[in-house]
file start.cif (mmCIF, C-alpha atoms)
data_run
#
loop_
_atom_site.label_atom_id
_atom_site.label_comp_id
_atom_site.auth_asym_id
_atom_site.auth_seq_id
_atom_site.Cartn_x
_atom_site.Cartn_y
_atom_site.Cartn_z
CA VAL A 1 117.00 -13.76 73.06
CA LEU A 2 113.94 -15.56 71.73
CA THR A 3 115.97 -18.61 70.76
CA THR A 4 117.50 -18.83 74.24
CA VAL A 5 114.07 -18.57 75.86
CA VAL A 6 112.69 -21.33 73.60
CA GLN A 7 115.75 -23.50 74.19
CA ALA A 8 115.52 -23.01 77.95
CA GLY A 9 111.76 -23.62 77.87
CA LEU A 10 112.29 -26.94 76.11
CA GLY A 11 115.01 -27.81 78.59
CA GLY A 12 112.70 -26.98 81.51
CA LEU A 13 109.94 -29.02 79.90
CA GLY A 14 112.34 -31.96 79.64
CA LEU A 15 113.21 -31.60 83.30
CA LEU A 16 109.49 -31.60 84.16
CA ILE A 17 108.71 -34.62 81.97
CA PHE A 18 111.52 -36.71 83.39
CA GLY A 19 110.79 -35.78 87.00
CA VAL A 20 113.68 -33.57 88.02
CA PRO A 21 112.90 -31.68 91.23
CA ASN A 22 112.83 -27.85 91.05
CA TRP A 23 112.43 -28.01 87.27
CA LEU A 24 111.04 -24.47 87.09
CA PHE A 25 114.03 -22.98 88.90
CA TRP A 26 116.50 -24.88 86.72
CA GLY A 27 114.56 -23.90 83.60
CA ALA A 28 114.90 -20.24 84.60
CA ILE A 29 118.63 -20.72 85.14
CA MET A 30 118.83 -22.27 81.65
CA ILE A 31 117.60 -18.96 80.19
CA ILE A 32 120.80 -17.37 81.49
CA THR A 33 123.13 -20.24 80.56
CA ALA A 34 121.63 -20.62 77.07
CA PHE A 35 123.57 -17.53 75.99
CA LEU A 36 126.82 -19.49 76.31
CA PRO A 37 127.73 -21.31 73.09
CA VAL A 38 128.06 -25.10 73.34
CA LEU A 39 128.03 -25.20 77.16
CA GLY A 40 124.72 -23.31 77.60
CA THR A 41 121.84 -25.54 78.62
CA PRO A 42 123.87 -28.77 79.05
CA ILE A 43 125.36 -27.17 82.18
CA ILE A 44 121.94 -27.83 83.73
CA TRP A 45 120.39 -30.89 82.07
CA VAL A 46 123.49 -33.11 81.92
CA PRO A 47 124.08 -33.06 85.71
CA ALA A 48 120.32 -33.50 86.22
CA ALA A 49 120.37 -36.60 84.00
CA VAL A 50 123.48 -37.94 85.74
CA GLY A 51 121.74 -37.35 89.08
CA LEU A 52 118.73 -39.34 87.92
CA ILE A 53 120.99 -42.17 86.79
CA MET A 54 122.86 -42.16 90.10
CA ASP A 55 119.55 -42.24 92.00
CA GLY A 56 118.65 -45.44 90.18
CA ASP A 57 116.33 -43.92 87.53
CA ILE A 58 118.51 -45.08 84.67
CA THR A 59 115.74 -44.98 82.08
CA ARG A 60 114.65 -41.43 82.90
CA GLY A 61 118.26 -40.25 83.09
CA VAL A 62 119.18 -41.71 79.71
CA LEU A 63 115.97 -40.39 78.15
CA LEU A 64 116.74 -36.92 79.51
CA LEU A 65 120.23 -37.12 77.97
CA ILE A 66 118.75 -38.16 74.62
CA PHE A 67 116.06 -35.44 74.80
CA GLY A 68 118.63 -32.79 75.67
CA ALA A 69 121.11 -33.84 73.01
CA THR A 70 118.60 -34.19 70.19
CA ILE A 71 115.94 -31.57 70.84
CA VAL A 72 117.21 -28.94 73.29
CA MET A 73 120.67 -28.59 71.74
CA ASN A 74 119.46 -28.58 68.13
CA ILE A 75 116.46 -26.25 68.37
CA ASP A 76 118.89 -23.33 68.18
CA ASN A 77 120.16 -24.54 64.79
CA PHE A 78 116.64 -24.59 63.36
CA LEU A 79 115.02 -21.63 65.08
CA ARG A 80 117.73 -18.95 64.77
CA PRO A 81 118.02 -19.10 60.95
CA ARG A 82 114.24 -18.93 60.59
CA LEU A 83 113.95 -15.91 62.89
CA VAL A 84 116.87 -14.05 61.34
CA SER A 85 115.94 -14.84 57.73
CA GLY A 86 112.37 -13.63 58.23
CA ARG A 87 113.57 -10.13 58.94
CA THR A 88 116.44 -9.92 56.49
CA LYS A 89 114.83 -11.75 53.57
CA VAL A 90 117.88 -14.00 53.28
CA HIS A 91 117.52 -17.76 52.85
CA PRO A 92 117.72 -19.69 56.18
CA VAL A 93 120.54 -21.92 54.93
CA LEU A 94 122.68 -18.85 54.25
CA ILE A 95 121.93 -17.56 57.74
CA LEU A 96 122.88 -20.94 59.24
CA ILE A 97 126.16 -20.88 57.32
CA GLY A 98 126.73 -17.35 58.60
CA VAL A 99 126.04 -18.36 62.20
CA LEU A 100 128.30 -21.42 62.09
CA GLY A 101 131.04 -19.70 60.09
CA GLY A 102 130.91 -16.62 62.28
CA LEU A 103 131.10 -18.76 65.40
CA ARG A 104 134.12 -20.56 64.00
CA VAL A 105 135.95 -17.42 62.87
CA PHE A 106 134.96 -14.80 65.46
CA GLY A 107 133.88 -16.91 68.45
CA PHE A 108 130.73 -16.08 70.42
CA ILE A 109 130.26 -12.63 68.85
CA GLY A 110 130.50 -14.30 65.42
CA MET A 111 127.00 -15.72 65.87
CA LEU A 112 125.79 -12.16 65.32
CA VAL A 113 128.52 -10.89 63.01
CA GLY A 114 128.54 -13.88 60.60
CA PRO A 115 124.92 -13.58 59.40
CA LEU A 116 125.29 -9.79 59.24
CA VAL A 117 128.33 -10.06 56.97
CA LEU A 118 126.55 -12.56 54.70
CA ALA A 119 123.40 -10.40 54.58
CA LEU A 120 125.53 -7.39 53.58
CA LEU A 121 127.25 -9.48 50.92
CA VAL A 122 123.88 -10.53 49.48
CA ALA A 123 122.69 -6.91 49.51
CA LEU A 124 125.85 -5.76 47.71
CA ILE A 125 125.47 -8.47 45.08
CA LYS A 126 121.82 -7.48 44.49
CA PHE A 127 122.80 -3.81 44.32
CA TYR A 128 125.52 -4.55 41.77
CA GLU A 129 123.21 -6.74 39.72
CA GLN A 130 120.40 -4.15 39.61
CA ASN A 131 122.57 -1.12 38.92
CA TYR A 132 125.43 -2.37 36.78
CA MET A 133 124.68 -5.67 35.11
CA HIS A 134 121.43 -4.61 33.45
CA ARG A 135 122.65 -1.22 32.28
CA ARG A 136 123.40 -1.06 28.55
CA GLN A 137 125.81 1.54 27.39
CA PRO A 138 125.55 3.01 23.91
CA PHE A 139 128.18 2.07 21.39
CA ASN A 140 130.85 4.75 21.09
CA PRO A 141 133.67 3.89 18.64
CA ILE A 142 135.81 6.87 19.63
#

call {"tool": "encode", "arguments": {"input": "start.cif", "output": "structure tokens"}}
result
Amino acid sequence: VLTTVVQAGLGGLGLLIFGVPNWLFWGAIMIITAFLPVLGTPIIWVPAAVGLIMDGDITRGVLLLIFGATIVMNIDNFLRPRLVSGRTKVHPVLILIGVLGGLRVFGFIGMLVGPLVLALLVALIKFYEQNYMHRRQPFNPI
């Protein structure tokens, strides 16, 4: 939820900076659409940029497209692994792999399931290492 709010906030800020009317309303709508993978916030800022271009503000429209594609769309890839890894004590790269792999394998729900599966795998490996790899058994020839 926090990543969608941040992503929508950045999208709303972009709408404000580039002069889109009703930027606050559209920013609030982006909070809802940000839950959709891939389509999320571009549902709002792409038509806004196209509208600016069609109104003759080509520079502001193109800059809004660049801002949306580089910052708004990619903040999720940087923020989500940091937030998830802080709680689970798993490296952010592993969480990112879990999010992308889960999304590929399980679809939308995989964004939650993928990192969970990888975190469980890491926990099982640590459990095995602590309990079985360091245990020395006495020598018994019989």

call {"tool": "closest_residue", "arguments": {"input": "start.cif", "among": "A:Leu64, A:Leu118, A:Val105, A:Leu16", "to": "A:Trp45", "atoms": "all atoms listed in the file"}}
result
A:Leu64

call {"tool": "closest_residue", "arguments": {"input": "start.cif", "among": "A:Asn74, A:Phe108, A:Pro92, A:Leu13", "to": "A:Leu36", "atoms": "all atoms listed in the file"}}
result
A:Phe108

call {"tool": "resolve_selection", "arguments": {"input": "start.cif", "expression": "the PyMOL selection byres ((chain A and resi 117) around 12)", "output": "ChimeraX atom specification"}}
result
/A:88,90,94-95,97-99,101-102,106,110-116,118-124

call {"tool": "resolve_selection", "arguments": {"input": "start.cif", "expression": "the PyMOL selection byres ((chain A and resi 34) around 12)", "output": "ChimeraX atom specification"}}
result
/A:1-12,26-33,35-45,72-73,75-76

call {"tool": "atom_distance", "arguments": {"input": "start.cif", "atom1": "atom CA of A:Gly61", "atom2": "atom CA of A:Phe18"}}
result
7.6 Å

call {"tool": "atom_distance", "arguments": {"input": "start.cif", "atom1": "atom CA of A:Ile53", "atom2": "atom CA of A:Leu15"}}
result
13.6 Å

call {"tool": "axis_aligned_box", "arguments": {"input": "start.cif", "around": "stretch 106-111 of chain A", "padding_each_side": "3 Å", "output": "AutoDock Vina command-line options"}}
result
--center_x 131.0 --center_y -14.8 --center_z 67.9 --size_x 14.0 --size_y 10.3 --size_z 11.0

call {"tool": "atom_distance", "arguments": {"input": "start.cif", "atom1": "atom CA of A:Leu24", "atom2": "atom CA of A:Gly56"}}
result
22.5 Å

call {"tool": "closest_residue", "arguments": {"input": "start.cif", "among": "A:Phe127, A:Gly107, A:Tyr132, A:Ala48", "to": "A:Arg60", "atoms": "all atoms listed in the file"}}
result
A:Ala48

call {"tool": "closest_residue", "arguments": {"input": "start.cif", "among": "A:Pro21, A:Leu65, A:Thr70, A:Thr59", "to": "A:Val46", "atoms": "all atoms listed in the file"}}
result
A:Leu65

call {"tool": "build_atoms", "arguments": {"input": "start.cif", "residues": "stretch 95-106 of chain A", "atoms": "all heavy atoms", "output": "mmCIF file, in the frame of the given file"}}
result
data_model
loop_
_atom_site.group_PDB
_atom_site.id
_atom_site.type_symbol
_atom_site.label_atom_id
_atom_site.label_comp_id
_atom_site.auth_asym_id
_atom_site.auth_seq_id
_atom_site.Cartn_x
_atom_site.Cartn_y
_atom_site.Cartn_z
ATOM 1 N N ILE A 95 121.811 -18.052 56.368
ATOM 2 C CA ILE A 95 121.930 -17.560 57.740
ATOM 3 C C ILE A 95 122.607 -18.605 58.617
ATOM 4 O O ILE A 95 123.473 -18.279 59.435
ATOM 5 C CB ILE A 95 120.539 -17.193 58.319
ATOM 6 C CG1 ILE A 95 119.921 -16.052 57.520
ATOM 7 C CG2 ILE A 95 120.626 -16.843 59.784
ATOM 8 C CD1 ILE A 95 120.684 -14.751 57.611
ATOM 9 N N LEU A 96 122.246 -19.878 58.455
ATOM 10 C CA LEU A 96 122.880 -20.940 59.240
ATOM 11 C C LEU A 96 124.367 -21.019 58.945
ATOM 12 O O LEU A 96 125.184 -21.162 59.864
ATOM 13 C CB LEU A 96 122.210 -22.285 58.937
ATOM 14 C CG LEU A 96 122.767 -23.487 59.689
ATOM 15 C CD1 LEU A 96 122.574 -23.314 61.192
ATOM 16 C CD2 LEU A 96 122.103 -24.755 59.218
ATOM 17 N N ILE A 97 124.738 -20.894 57.679
ATOM 18 C CA ILE A 97 126.160 -20.880 57.320
ATOM 19 C C ILE A 97 126.846 -19.678 57.957
ATOM 20 O O ILE A 97 127.969 -19.787 58.458
ATOM 21 C CB ILE A 97 126.327 -20.873 55.785
ATOM 22 C CG1 ILE A 97 125.892 -22.213 55.210
ATOM 23 C CG2 ILE A 97 127.765 -20.557 55.385
ATOM 24 C CD1 ILE A 97 125.788 -22.242 53.703
ATOM 25 N N GLY A 98 126.162 -18.538 57.968
ATOM 26 C CA GLY A 98 126.730 -17.350 58.600
ATOM 27 C C GLY A 98 126.915 -17.524 60.091
ATOM 28 O O GLY A 98 127.932 -17.107 60.657
ATOM 29 N N VAL A 99 125.939 -18.143 60.753
ATOM 30 C CA VAL A 99 126.040 -18.360 62.200
ATOM 31 C C VAL A 99 127.195 -19.306 62.509
ATOM 32 O O VAL A 99 128.039 -19.019 63.368
ATOM 33 C CB VAL A 99 124.714 -18.911 62.766
ATOM 34 C CG1 VAL A 99 124.895 -19.411 64.188
ATOM 35 C CG2 VAL A 99 123.636 -17.848 62.730
ATOM 36 N N LEU A 100 127.251 -20.444 61.811
ATOM 37 C CA LEU A 100 128.300 -21.420 62.090
ATOM 38 C C LEU A 100 129.683 -20.911 61.681
ATOM 39 O O LEU A 100 130.656 -21.090 62.409
ATOM 40 C CB LEU A 100 127.980 -22.736 61.374
ATOM 41 C CG LEU A 100 126.703 -23.445 61.846
ATOM 42 C CD1 LEU A 100 126.436 -24.679 60.999
ATOM 43 C CD2 LEU A 100 126.775 -23.786 63.310
ATOM 44 N N GLY A 101 129.751 -20.264 60.524
ATOM 45 C CA GLY A 101 131.040 -19.700 60.090
ATOM 46 C C GLY A 101 131.496 -18.566 60.987
ATOM 47 O O GLY A 101 132.673 -18.462 61.334
ATOM 48 N N GLY A 102 130.563 -17.710 61.375
ATOM 49 C CA GLY A 102 130.910 -16.620 62.280
ATOM 50 C C GLY A 102 131.356 -17.121 63.629
ATOM 51 O O GLY A 102 132.287 -16.586 64.238
ATOM 52 N N LEU A 103 130.706 -18.169 64.115
ATOM 53 C CA LEU A 103 131.100 -18.760 65.400
ATOM 54 C C LEU A 103 132.499 -19.338 65.314
ATOM 55 O O LEU A 103 133.299 -19.179 66.232
ATOM 56 C CB LEU A 103 130.087 -19.841 65.792
ATOM 57 C CG LEU A 103 130.237 -20.474 67.155
ATOM 58 C CD1 LEU A 103 130.079 -19.431 68.254
ATOM 59 C CD2 LEU A 103 129.213 -21.576 67.343
ATOM 60 N N ARG A 104 132.796 -19.961 64.186
ATOM 61 C CA ARG A 104 134.120 -20.560 64.000
ATOM 62 C C ARG A 104 135.218 -19.497 63.885
ATOM 63 O O ARG A 104 136.284 -19.624 64.462
ATOM 64 C CB ARG A 104 134.095 -21.430 62.737
ATOM 65 C CG ARG A 104 135.401 -21.988 62.335
ATOM 66 C CD ARG A 104 135.709 -23.243 63.098
ATOM 67 N NE ARG A 104 136.934 -23.820 62.566
ATOM 68 C CZ ARG A 104 137.811 -24.399 63.319
ATOM 69 N NH1 ARG A 104 137.614 -24.524 64.600
ATOM 70 N NH2 ARG A 104 138.894 -24.893 62.783
ATOM 71 N N VAL A 105 134.926 -18.426 63.138
ATOM 72 C CA VAL A 105 135.950 -17.420 62.870
ATOM 73 C C VAL A 105 136.076 -16.408 64.015
ATOM 74 O O VAL A 105 137.178 -16.093 64.463
ATOM 75 C CB VAL A 105 135.663 -16.688 61.543
ATOM 76 C CG1 VAL A 105 136.611 -15.534 61.324
ATOM 77 C CG2 VAL A 105 135.755 -17.663 60.382
ATOM 78 N N PHE A 106 134.934 -15.893 64.495
ATOM 79 C CA PHE A 106 134.960 -14.800 65.460
ATOM 80 C C PHE A 106 134.620 -15.217 66.895
ATOM 81 O O PHE A 106 134.607 -14.390 67.788
ATOM 82 C CB PHE A 106 133.985 -13.700 65.045
ATOM 83 C CG PHE A 106 134.304 -13.078 63.722
ATOM 84 C CD1 PHE A 106 133.467 -13.266 62.641
ATOM 85 C CD2 PHE A 106 135.439 -12.320 63.556
ATOM 86 C CE1 PHE A 106 133.746 -12.699 61.420
ATOM 87 C CE2 PHE A 106 135.744 -11.737 62.329
ATOM 88 C CZ PHE A 106 134.889 -11.934 61.260
#
